[in-house]
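**Q** Have a look at this one before I ask anything.
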Amino acid sequence: DPELMVGMPPALTAATGMDALTHAVEAYVSSAANPLTDAAAIKAIDKISHYLPQAVANGTYGKARSEMAYAQYLAGVAFNNASLGYVHAMAHQLGGFYDLPHGVCNALLLPYVCQFNLIGNIERFGTIAKTLGEDIDGLSRFEAGEKCVESLKRFGRYLGIPASLKELGVKPEDFPLMAEHAMQDACAATNPRIATKDQIIAIYQAAYDG
């Protein structure tokens, strides 16, 4: 019921909306993706890119709330069938260690994990960039993938998501233990690229530096 979300403050709207976007993006590039999850994920990304900014700007705008309700449901259909990836595996550790908001952690990590994952499913990141409204005509598949990373980072900051893990009080000395736990998280199993512990630590460090 989108009416139940009308009273959510902008920051919570942004965080939960970015969580839904992460569900869709990770499901779309998942190693377990299929035509059903692809359709749901891409539609969710399209709706979120259009309506999340409007819902953050004006929480009482019924159209935006209704479309975001559809979007988060479609993203749920996608990830419940295709699972997720390292964004969620790593965000779960930040939530557990620091009691940080799950949506904020996902939003902050998303572009950095996507950067790491590019070579694992490069064409799909280009499709995400196009769905987010980026012009990828004439670009190589790698350039299109980079557009996706840039767009996701810009989108989060546009909505007021913190720019770095440092701003959230995260401590780099905790990265090794969090990386170990992230690798054991169930969501890691369907990430499109397999990472070492040092690579997970490097992703945390990149998100820390912003």
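Labels for the structure tokens follow display order: chains A, B, ..., residues from 1 in each chain, ligands from 1.
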Taking 2 positions as the minimum chain separation for residues in the same chain, which residues sit within 9 Å of A:Thr127 when counting only C-alpha atoms? Answer as a list of chain:residue names.

**A**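 The residues that qualify are A:Ile42, A:Glu123, A:Arg124, A:Phe125, A:Ala129, A:Lys130, A:Thr131, A:Leu132, A:Ile136, A:Ala144, A:Gly145, A:Cys148.
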
**Q** Near A:Leu118, within 10 Å and counting only C-alpha atoms, which residues show up once chain neighbours fewer than 3 positions away are dropped, as a ChimeraX atom specification?

**A** /A:29,113-115,121-126,141-142,145-146,148-149,192-193

**Q** Please measure the separation of atom CA of A:Asp38 and atom CA of A:Glu134, giving the value in Å to one decimal.

**A**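 That distance, rounded to one decimal, is 19.0 Å.
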
**Q** Mind checking which residues fall within 12 Å of A:Pro10, counting only C-alpha atoms, ignoring those fewer than 2 positions away in the same chain, and posting them as number ranges by chain?

**A** A: 5-8, 12-17, 52-60, 159-161

**Q** Using only C-alpha atoms, which residue out of A:Thr190, A:Gln199, A:Asn34, A:Gln93 lies closest to A:Val77?

**A**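 Closest candidate: A:Asn34.
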
**Q** Point out the residue among A:Ile48, A:Leu94, A:Ala186, A:Ala107 with the least atom-to-atom distance to A:Gln72, counting only C-alpha atoms.

**A** A:Ile48

**Q** Excluding same-chain residues fewer than 4 positions from A:Tyr73, what lies within 9 Å of it counting only C-alpha atoms, as a PyMOL selection string?

**A** chain A and resi 20+40+44+68-69+77-78

**Q** If you keep C-alpha atoms, can you produce a file of those selected residues as a PDB file, in the first residue's frame?

**A**
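Output file result00.pdb is given in full below:
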```
ATOM      1  CA  ALA A  20      15.379  -1.860  -4.025  1.00  0.00           C
ATOM      2  CA  ALA A  40      11.469  -7.880 -13.567  1.00  0.00           C
ATOM      3  CA  ALA A  44      12.366  -2.159 -11.586  1.00  0.00           C
ATOM      4  CA  MET A  68       8.044   2.759  -6.218  1.00  0.00           C
ATOM      5  CA  ALA A  69       5.777   0.145  -4.632  1.00  0.00           C
ATOM      6  CA  VAL A  77      10.565 -10.981  -7.712  1.00  0.00           C
ATOM      7  CA  ALA A  78      13.963 -10.702  -9.394  1.00  0.00           C
TER       8      ALA A  78
END
```

**Q** Out of stretch 1-192 of chain A, which residues get alpha helix (DSSP H) from DSSP, as a PyMOL selection string?

**A** chain A and resi 10-29+35-57+62-82+86-98+102-117+122-131+141-158+175-184

**Q** Between atom CA of A:Ala195 and atom CA of A:Ala179, what distance in Å does the model show, to one decimal?

**A**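 It comes out at 10.0 Å.
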